Structure formats: C-alpha cells, structure tokens
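Engineer: Got a structure for you, written out below as structure tokens; questions coming shortly.
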Amino acid sequence: MVYACFSPHLRYFLNIYLAESYVPRLPKPGETIHGSRFSIGFGGKGANQCVSSGRLGARTAMVAKIGTDSFGDDYLKNLQDSGVNTDFVYRTSEASTGVAPISVTDEGQNAIVIVPGANLLLTESDVIAAETLIQSAKVLVCQLEISPPITVMAMRLARKHGVRTILNPAPALSDLPEEMFTLSDILCPNETEAEILSGMSVKSVDDAKKASLLLLDRGCKAVIITLGEQGAVVAFQGETTPIHIPAKKVKSIDSTGAGDAFLGGLAFYLSTLPGLEFIEAVRRAGEIATISVQAEGTQKSYPYRANLEPHMFAV
C-alpha cells in the first residue's frame with residue numbers, strides 16, 4: 001500500500017483487517033494459552049500511517065487494493081470516515097482483503113502474522129493510473145507489504161514529479177532492490193529491519209549509528225532507525241556523525257502500530273511544516289508514537305490534533 005501527504009497531504013499503500021488477542025505472554029510453539037480479551041480493528045502499515053497523519057491535520061490519500069468481501073466493505077468505510085481520499089483504493093474478487101492476527105502481551109509487546117491478500121494484486125497499471133494523485137503530493141510513503149516492483153514504480157513517479165519519498169522497509173527483505181535505496185529520500189526501518197538490511201546486529205544506539213551509515217552507503221539521502229523506547233537514530237548523506245534522539249519514558253500498554261504512528265507523524269510534519277528543522281520533526285514524531293503506546297489498539301490509539309498541546313504544531 002502507498003499513502004501520500006498533499007500540500008498538506010500524503011499518499012500511502014496497504015490495508016489490513018486486524019484481529020487482536022490480549023494474552024499474558026506469547027505462546028510457545030505448539031502451545032495453547034488463554035487470552036483475556038479480543039478485538040477487531042483496522043491496520044496495515046500504510047493505512048495506519050495515513051490515519052496517523054490525517055488525525056494530525058494532513059490531507060491524505062491511499063493507493064491500495066482490497067477484496068470485495070465484508071472486511072473490504074468495512075475497511076473502505078473506515079478510510080472514508082477517517083477523511084482519507086479513496087479514489088484509488090481498488091477492489092478485487094480474486095483475493096480476500098488482507099488480514100493480520102495479532103497477540104499482545106500484558107507488557108505491551110506484540111507478535112503479528114500478516115496475510116496480505118488483495119494487497120499483492122496491486123499492479124503497476126493501478127499505480128500509473130494514480131500518477132496525477134502522486135504528482136500533487138508533498139510526501140509519498142511506501143512500505144513492503146505490496147510487491148516490491150509496485151513500490152518501485154510509485155517511487156519512480158514521485159521522483160519524476162519532485163515528491164519527497166519515505167520508504168518504510170517493512171517487512172524487511174535482505175535482497176531489497178538497490179533502486180529502492182536510491183529512490184528513498186528517507187529510509188526508515190526499525191532495529192530488526194535495519195539488521196536485515198545492513199547485515200549487522202542492531203541491539204543498541206551505537207549499533208544503530210553504525211548501521212545507519214552502512215545504509216546511507218546504499219544511496220538514500222537520510223536514514224532514521226527507530227528503536228522503540230530508546231528513541232531513534234538519524235543520519236544524513238555528507239554527515240559522518242549520526243544523531244540519537246531519545247524517547248520519553250512512559251508505561252507501554254500496547255506497542256502495536258507505534259512505528260506507524262511515528263511515520264505518520266513524520267510525514268505530517270514534513271508536508272505541513274516545511275520550516276520545521278528535520279531533527280525536531282523526528283523528535284515530535286517520536287512524541288506521537290509515545291502517545292500511541294499508552295493506549296490499546298492501532299489506529300484507535302493515534303492522537304487527534306485537538307487533543308495535543310499547541311507547541312506540537314509550532315515552527
């Protein structure tokens with residue numbers, strides 16, 4: 001899925017219907033355990049990021065594909081209710097809407113299985129049909145929950161029209177096409193994804209700094225490695241010293257979708273507050289993510305602009 005932020009808006013990809021089980025701990029292989037609660041909701045990295053941006057005040061749109069099943073009906077309505085432009089959310093009867101069963105522990109950790117379904121049927125022609133939409137954006141945000149060649153096509157169109165690109169390489173691929181790096185204005189993996197992409201262990205802030213420099217060598221203009229409660233590390237082309245931005249310490253209730261809250265916040269700030277320093281945009285995006293982990297669920301945990309302090313929107 002792709003999503004975009006235009007003038008103040010953004011474009012994204014990927015819709016997933018979520019089923020969340022709350023458990024005391026994650027089960028071992030072959031083990032059955034009792035959960036305490038169950039809920040259903042809406043997710044997918046692109047859709048989450050899109051909703052996060054929209055709640056902060058960006059105009060957003062998605063290029064994606066969903067099934068003609070009831071999950072697809074519900075998801076389309078959710079996007080429209082969230083104010084997302086769905087002109088290029090296609091429907092197909094050839095696959096089900098993507099789903100993701102999630103287990104969330106009492107400590108707020110999660111384990112997720114994604115079944116992409118209709119997302120993998122998004123085609124290059126579908127993306128080309130949305131070229132005018134992409135051209136009008138300020139920021140294009142892409143993920144790897146659709147076929148990599150389709151992501152590359154979207155990023156090429158963005159580069160053609162001078163649209164800033166953010167690539168969230170998740171789920172990460174060790175053989176990610178090199179063009180994805182060169183087409184990325186900003187590459188934003190978490191520590192696990194950074195390990196896969198860089199080939200080195202990323203267990204600490206210092207590790208993340210080293211990995212960020214390796215990833216910069218692949219051709220992207222900037223790298224942000226998100227580190228959960230440790231914050232984020234930022235590196236730029238031409239700079240030899242990556243910057244660590246700590247996160248606020250809070251009690252985590254549910255970390256599901258926190259990385260997407262961060263990316264949605266980052267895209268919002270880059271598209272709507274161009275005068276804001278990049279490092280400050282990253283720091284504020286981290287605050288959005290921190291707020292999200294203090295509530296249950298994914299999209300439903302993302303804050304609305306009206307509930308945030310005015311300083312979050314000042315330049």
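Going by the structure tokens order, chains are called A, B, ..., each with residues numbered from 1, while ligands are numbered from 1 in the order shown.
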Pick out the residues sitting within 12 Å of range 270-282 of chain A, and hand them over as a tab-separated table (two decimals) with C-alpha atoms, in the first residue's frame; count only C-alpha atoms, and ignore anything fewer than 4 positions along from it in its own chain.
Structural biologist:
chain	number	residue	atom	x	y	z
A	4	ALA	CA	0.62	10.25	0.33
A	5	CYS	CA	0.55	13.64	2.01
A	6	PHE	CA	-0.51	16.57	-0.08
A	7	SER	CA	0.12	20.20	0.23
A	8	PRO	CA	-0.74	19.45	3.26
A	9	HIS	CA	-1.22	15.92	2.11
A	10	LEU	CA	0.30	12.43	1.96
A	11	ARG	CA	-0.09	9.13	0.00
A	53	SER	CA	-1.14	11.83	9.54
A	54	GLY	CA	-4.78	12.65	8.96
A	56	LEU	CA	-2.78	15.50	12.95
A	57	GLY	CA	-4.29	17.59	10.16
A	58	ALA	CA	-2.79	16.37	6.89
A	59	ARG	CA	-4.85	15.67	3.79
A	60	THR	CA	-4.21	12.04	2.92
A	136	SER	CA	0.00	16.53	-6.30
A	137	ALA	CA	1.52	15.18	-3.09
A	138	LYS	CA	4.16	16.69	-0.84
A	139	VAL	CA	5.24	13.33	0.57
A	140	LEU	CA	4.87	9.76	-0.66
A	141	VAL	CA	5.18	7.00	1.94
A	163	VAL	CA	7.71	14.49	-4.46
A	164	ARG	CA	9.60	13.63	-1.28
A	165	THR	CA	9.74	9.88	-0.60
A	166	ILE	CA	9.79	7.94	2.65
A	185	ASP	CA	14.79	10.50	0.36
A	186	ILE	CA	14.28	8.96	3.79
A	188	CYS	CA	13.03	4.45	7.99
A	222	ALA	CA	18.73	10.14	5.03
A	223	VAL	CA	18.21	7.20	7.39
A	224	ILE	CA	16.07	7.06	10.52
A	225	ILE	CA	16.32	3.87	12.58
A	226	THR	CA	13.54	3.69	15.15
A	231	GLY	CA	14.06	6.62	20.55
A	232	ALA	CA	15.62	6.94	17.10
A	233	VAL	CA	18.95	7.44	15.33
A	234	VAL	CA	19.16	9.84	12.37
A	235	ALA	CA	21.92	10.01	9.74
A	236	PHE	CA	22.32	12.21	6.66
A	242	PRO	CA	24.57	10.12	13.33
A	243	ILE	CA	22.30	11.78	15.89
A	244	HIS	CA	20.47	9.95	18.70
A	245	ILE	CA	17.04	11.32	19.65
A	246	PRO	CA	15.88	9.76	22.96
A	247	ALA	CA	12.25	8.84	23.61
A	261	ALA	CA	2.27	6.45	14.34
A	262	PHE	CA	5.86	7.73	14.14
A	263	LEU	CA	5.95	7.60	10.34
A	264	GLY	CA	2.55	9.22	10.03
A	265	GLY	CA	3.69	11.99	12.35
A	266	LEU	CA	6.94	12.46	10.45
A	286	GLY	CA	8.56	10.26	18.40
A	287	GLU	CA	6.18	12.02	20.78
A	288	ILE	CA	3.24	10.93	18.63
A	289	ALA	CA	4.48	7.33	18.82
A	311	HIS	CA	3.61	23.55	20.80
A	312	MET	CA	3.38	20.32	18.77
A	313	PHE	CA	2.32	22.42	15.76
A	314	ALA	CA	4.51	25.49	16.18
A	315	VAL	CA	7.53	26.21	13.95
Engineer: Determine which residues of range 34-149 of chain A receive a DSSP assignment of strand (DSSP E or B), computed from the backbone, and state them as a PyMOL selection string.
Structural biologist: chain A and resi 37-43+60-67+85-92+99-104+110-112+115+137-143
Engineer: Limited to C-alpha atoms, could you put the picked residues into a file as a PDB file, in the first residue's frame?
Structural biologist:
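Output saved as result30.pdb:
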ATOM      1  CA  ARG A  37      -9.791 -10.128  25.543  1.00  0.00           C
ATOM      2  CA  PHE A  38     -10.284  -9.987  21.775  1.00  0.00           C
ATOM      3  CA  SER A  39     -10.924  -7.068  19.449  1.00  0.00           C
ATOM      4  CA  ILE A  40     -11.046  -6.357  15.741  1.00  0.00           C
ATOM      5  CA  GLY A  41      -9.883  -3.205  14.026  1.00  0.00           C
ATOM      6  CA  PHE A  42      -8.109  -1.734  11.030  1.00  0.00           C
ATOM      7  CA  GLY A  43      -4.427  -1.693  10.223  1.00  0.00           C
ATOM      8  CA  THR A  60      -4.212  12.044   2.917  1.00  0.00           C
ATOM      9  CA  ALA A  61      -4.905   9.554   0.136  1.00  0.00           C
ATOM     10  CA  MET A  62      -4.245   5.875  -0.442  1.00  0.00           C
ATOM     11  CA  VAL A  63      -3.380   3.737  -3.439  1.00  0.00           C
ATOM     12  CA  ALA A  64      -4.293   0.187  -2.449  1.00  0.00           C
ATOM     13  CA  LYS A  65      -6.376  -2.885  -3.219  1.00  0.00           C
ATOM     14  CA  ILE A  66      -8.937  -4.651  -1.038  1.00  0.00           C
ATOM     15  CA  GLY A  67     -11.294  -7.585  -1.530  1.00  0.00           C
ATOM     16  CA  ASN A  85      -9.148  10.054  -0.265  1.00  0.00           C
ATOM     17  CA  THR A  86     -10.054   6.554  -1.539  1.00  0.00           C
ATOM     18  CA  ASP A  87     -10.367   7.324  -5.255  1.00  0.00           C
ATOM     19  CA  PHE A  88      -7.550   4.847  -5.946  1.00  0.00           C
ATOM     20  CA  VAL A  89      -8.445   2.142  -3.452  1.00  0.00           C
ATOM     21  CA  TYR A  90      -9.256  -0.649  -5.897  1.00  0.00           C
ATOM     22  CA  ARG A  91     -11.398  -3.737  -5.221  1.00  0.00           C
ATOM     23  CA  THR A  92     -10.968  -7.306  -6.453  1.00  0.00           C
ATOM     24  CA  VAL A  99      -5.775  -9.668   7.462  1.00  0.00           C
ATOM     25  CA  ALA A 100      -3.400  -9.719  10.433  1.00  0.00           C
ATOM     26  CA  PRO A 101      -3.956 -11.767  13.615  1.00  0.00           C
ATOM     27  CA  ILE A 102      -2.052 -10.127  16.491  1.00  0.00           C
ATOM     28  CA  SER A 103      -1.175 -11.256  20.007  1.00  0.00           C
ATOM     29  CA  VAL A 104      -0.498  -8.515  22.571  1.00  0.00           C
ATOM     30  CA  ASN A 110       3.196  -7.948  20.179  1.00  0.00           C
ATOM     31  CA  ALA A 111       3.557 -10.711  17.602  1.00  0.00           C
ATOM     32  CA  ILE A 112       1.913 -10.254  14.192  1.00  0.00           C
ATOM     33  CA  VAL A 115      -1.759 -12.281   5.216  1.00  0.00           C
ATOM     34  CA  ALA A 137       1.517  15.177  -3.086  1.00  0.00           C
ATOM     35  CA  LYS A 138       4.160  16.694  -0.844  1.00  0.00           C
ATOM     36  CA  VAL A 139       5.236  13.335   0.574  1.00  0.00           C
ATOM     37  CA  LEU A 140       4.873   9.758  -0.659  1.00  0.00           C
ATOM     38  CA  VAL A 141       5.179   6.998   1.942  1.00  0.00           C
ATOM     39  CA  CYS A 142       5.785   3.428   0.774  1.00  0.00           C
ATOM     40  CA  GLN A 143       6.076   0.080   2.535  1.00  0.00           C
TER      41      GLN A 143
END
Engineer: Go through A:Met180, A:Leu308, A:Thr105, A:Leu157 one by one, measure the shortest atom-to-atom distance of each to Ala130 in chain A using only C-alpha atoms, and give the residue with the smallest value.
Structural biologist: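 Among the listed residues, A:Leu157 lies closest to Ala130 in chain A.
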Engineer: If we count only C-alpha atoms, what is near Ile128 in chain A at a cut-off of 10 Å, once residues fewer than 4 positions away on the same chain are taken out, given as a PyMOL selection string?
Structural biologist: chain A and resi 123-124+132-134+150+153-154+157
Engineer: Write out as a list in words each polymer residue whose atoms come within 9 Å of Pro116 in chain A, counting only C-alpha atoms; drop sequence neighbours fewer than 5 positions from it.
Structural biologist: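 Non-adjacent residues within range: Leu14, Asn15, Ile16, Gly44, Ser96, Thr97, Gly98, Val99, Ala100, Glu145 and Ile146 of chain A.
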Engineer: As a ChimeraX atom specification, please: all residues of range 129-228 of chain A that backbone DSSP puts in helix (DSSP H, G or I).
Structural biologist: /A:129,131-135,148-160,178-182,191-198,205-216,228
Engineer: Take the residues that were just selected and, keeping N, CA and C atoms, output them as a short mmCIF file (atom, residue, chain, number, x, y, z; two decimals), in the first residue's frame.
Structural biologist:
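For reference, selection_4.cif as written:
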data_model
loop_
_atom_site.label_atom_id
_atom_site.label_comp_id
_atom_site.auth_asym_id
_atom_site.auth_seq_id
_atom_site.Cartn_x
_atom_site.Cartn_y
_atom_site.Cartn_z
N ALA A 129 -2.15 4.76 -12.98
CA ALA A 129 -3.44 5.45 -13.07
C ALA A 129 -3.56 6.53 -12.00
N GLU A 131 -1.07 8.52 -11.10
CA GLU A 131 0.07 9.43 -11.22
C GLU A 131 -0.29 10.87 -10.89
N THR A 132 -1.44 11.33 -11.33
CA THR A 132 -1.85 12.71 -11.03
C THR A 132 -1.97 12.92 -9.53
N LEU A 133 -2.49 11.92 -8.83
CA LEU A 133 -2.60 11.98 -7.38
C LEU A 133 -1.22 12.07 -6.73
N ILE A 134 -0.31 11.23 -7.17
CA ILE A 134 1.05 11.24 -6.62
C ILE A 134 1.74 12.57 -6.93
N GLN A 135 1.56 13.07 -8.12
CA GLN A 135 2.17 14.33 -8.53
C GLN A 135 1.75 15.48 -7.63
N PRO A 148 7.41 -5.54 -4.29
CA PRO A 148 8.47 -4.53 -4.44
C PRO A 148 8.46 -3.80 -5.78
N PRO A 149 8.22 -4.46 -6.92
CA PRO A 149 8.20 -3.71 -8.18
C PRO A 149 7.13 -2.62 -8.22
N ILE A 150 6.03 -2.85 -7.51
CA ILE A 150 4.95 -1.85 -7.48
C ILE A 150 5.39 -0.66 -6.63
N THR A 151 6.08 -0.96 -5.53
CA THR A 151 6.61 0.12 -4.70
C THR A 151 7.62 0.95 -5.49
N VAL A 152 8.50 0.27 -6.23
CA VAL A 152 9.48 0.98 -7.04
C VAL A 152 8.80 1.89 -8.06
N MET A 153 7.74 1.41 -8.70
CA MET A 153 7.01 2.22 -9.67
C MET A 153 6.48 3.50 -9.03
N ALA A 154 5.88 3.36 -7.85
CA ALA A 154 5.35 4.54 -7.16
C ALA A 154 6.47 5.53 -6.83
N MET A 155 7.60 5.01 -6.37
CA MET A 155 8.71 5.88 -6.01
C MET A 155 9.32 6.56 -7.23
N ARG A 156 9.35 5.87 -8.36
CA ARG A 156 9.82 6.49 -9.60
C ARG A 156 8.94 7.66 -9.98
N LEU A 157 7.62 7.47 -9.87
CA LEU A 157 6.69 8.55 -10.21
C LEU A 157 6.88 9.74 -9.27
N ALA A 158 7.09 9.45 -8.00
CA ALA A 158 7.32 10.53 -7.04
C ALA A 158 8.59 11.29 -7.39
N ARG A 159 9.67 10.58 -7.68
CA ARG A 159 10.92 11.22 -8.03
C ARG A 159 10.77 12.07 -9.30
N LYS A 160 10.02 11.54 -10.27
CA LYS A 160 9.77 12.25 -11.52
C LYS A 160 9.13 13.61 -11.27
N GLU A 178 18.26 -2.41 -5.15
CA GLU A 178 19.10 -1.25 -4.88
C GLU A 178 18.39 0.06 -5.27
N GLU A 179 17.52 0.00 -6.27
CA GLU A 179 16.83 1.21 -6.70
C GLU A 179 15.96 1.78 -5.59
N MET A 180 15.49 0.91 -4.69
CA MET A 180 14.67 1.41 -3.59
C MET A 180 15.47 2.34 -2.68
N PHE A 181 16.75 2.03 -2.51
CA PHE A 181 17.60 2.90 -1.69
C PHE A 181 17.83 4.24 -2.39
N THR A 182 18.16 4.19 -3.66
CA THR A 182 18.48 5.43 -4.38
C THR A 182 17.25 6.30 -4.59
N GLU A 191 14.80 -1.43 14.36
CA GLU A 191 16.08 -2.09 14.59
C GLU A 191 16.15 -3.47 13.92
N THR A 192 15.05 -4.22 13.94
CA THR A 192 15.04 -5.54 13.31
C THR A 192 15.22 -5.43 11.80
N GLU A 193 14.51 -4.50 11.20
CA GLU A 193 14.62 -4.29 9.75
C GLU A 193 16.01 -3.77 9.37
N ALA A 194 16.58 -2.92 10.24
CA ALA A 194 17.92 -2.41 9.99
C ALA A 194 18.95 -3.53 10.02
N GLU A 195 18.76 -4.50 10.91
CA GLU A 195 19.65 -5.66 10.96
C GLU A 195 19.62 -6.43 9.64
N ILE A 196 18.41 -6.67 9.13
CA ILE A 196 18.27 -7.44 7.90
C ILE A 196 18.88 -6.69 6.72
N LEU A 197 18.67 -5.39 6.66
CA LEU A 197 19.14 -4.60 5.53
C LEU A 197 20.65 -4.35 5.58
N SER A 198 21.19 -4.19 6.80
CA SER A 198 22.61 -3.86 6.93
C SER A 198 23.51 -5.08 7.09
N VAL A 205 22.01 1.77 20.71
CA VAL A 205 22.08 3.04 19.98
C VAL A 205 23.36 3.10 19.15
N ASP A 206 24.47 2.66 19.72
CA ASP A 206 25.73 2.68 18.98
C ASP A 206 25.66 1.77 17.75
N ASP A 207 25.02 0.60 17.91
CA ASP A 207 24.84 -0.30 16.76
C ASP A 207 24.03 0.39 15.67
N ALA A 208 22.98 1.08 16.09
CA ALA A 208 22.11 1.75 15.13
C ALA A 208 22.85 2.85 14.38
N LYS A 209 23.74 3.54 15.07
CA LYS A 209 24.53 4.58 14.41
C LYS A 209 25.40 3.96 13.31
N LYS A 210 26.05 2.85 13.62
CA LYS A 210 26.90 2.18 12.63
C LYS A 210 26.07 1.67 11.46
N ALA A 211 24.91 1.07 11.76
CA ALA A 211 24.06 0.54 10.71
C ALA A 211 23.52 1.66 9.82
N SER A 212 23.21 2.80 10.42
CA SER A 212 22.68 3.92 9.62
C SER A 212 23.68 4.38 8.57
N LEU A 213 24.96 4.38 8.93
CA LEU A 213 25.99 4.79 7.97
C LEU A 213 26.13 3.77 6.85
N LEU A 214 26.00 2.49 7.18
CA LEU A 214 26.04 1.45 6.15
C LEU A 214 24.88 1.60 5.18
N LEU A 215 23.70 1.93 5.72
CA LEU A 215 22.52 2.08 4.87
C LEU A 215 22.62 3.33 4.00
N LEU A 216 23.23 4.39 4.53
CA LEU A 216 23.43 5.58 3.71
C LEU A 216 24.30 5.27 2.50
N GLY A 228 12.21 1.96 19.32
CA GLY A 228 11.23 1.78 20.39
C GLY A 228 11.49 2.73 21.54
#
Engineer: What does the structure give for the distance between CA of His34 in chain A and CA of Ala258 in chain A, in Å to one decimal?
Structural biologist: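 Taking CA of His34 in chain A as the start and CA of Ala258 in chain A as the end point, the length is 25.3 Å.
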Engineer: Please, what distance in Å, to one decimal, runs between CA of Gln237 in chain A and CA of Pro177 in chain A?
Structural biologist: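 Those two atoms sit 19.6 Å apart.
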Engineer: Rank A:Ala172, A:Leu79, A:Leu120, A:Leu167 by their smallest atom-to-atom distance to Ser52 in chain A, using only C-alpha atoms, and report the top residue only.
Structural biologist: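 Ranked by minimum distance to Ser52 in chain A, first place goes to A:Leu79.
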Engineer: When you count only C-alpha atoms, which of these residues is closest to Arg25 in chain A: A:Thr68, A:Thr256, A:Gln109, A:Gln49?
Structural biologist: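 Under the stated criterion, the closest residue is A:Gln109.
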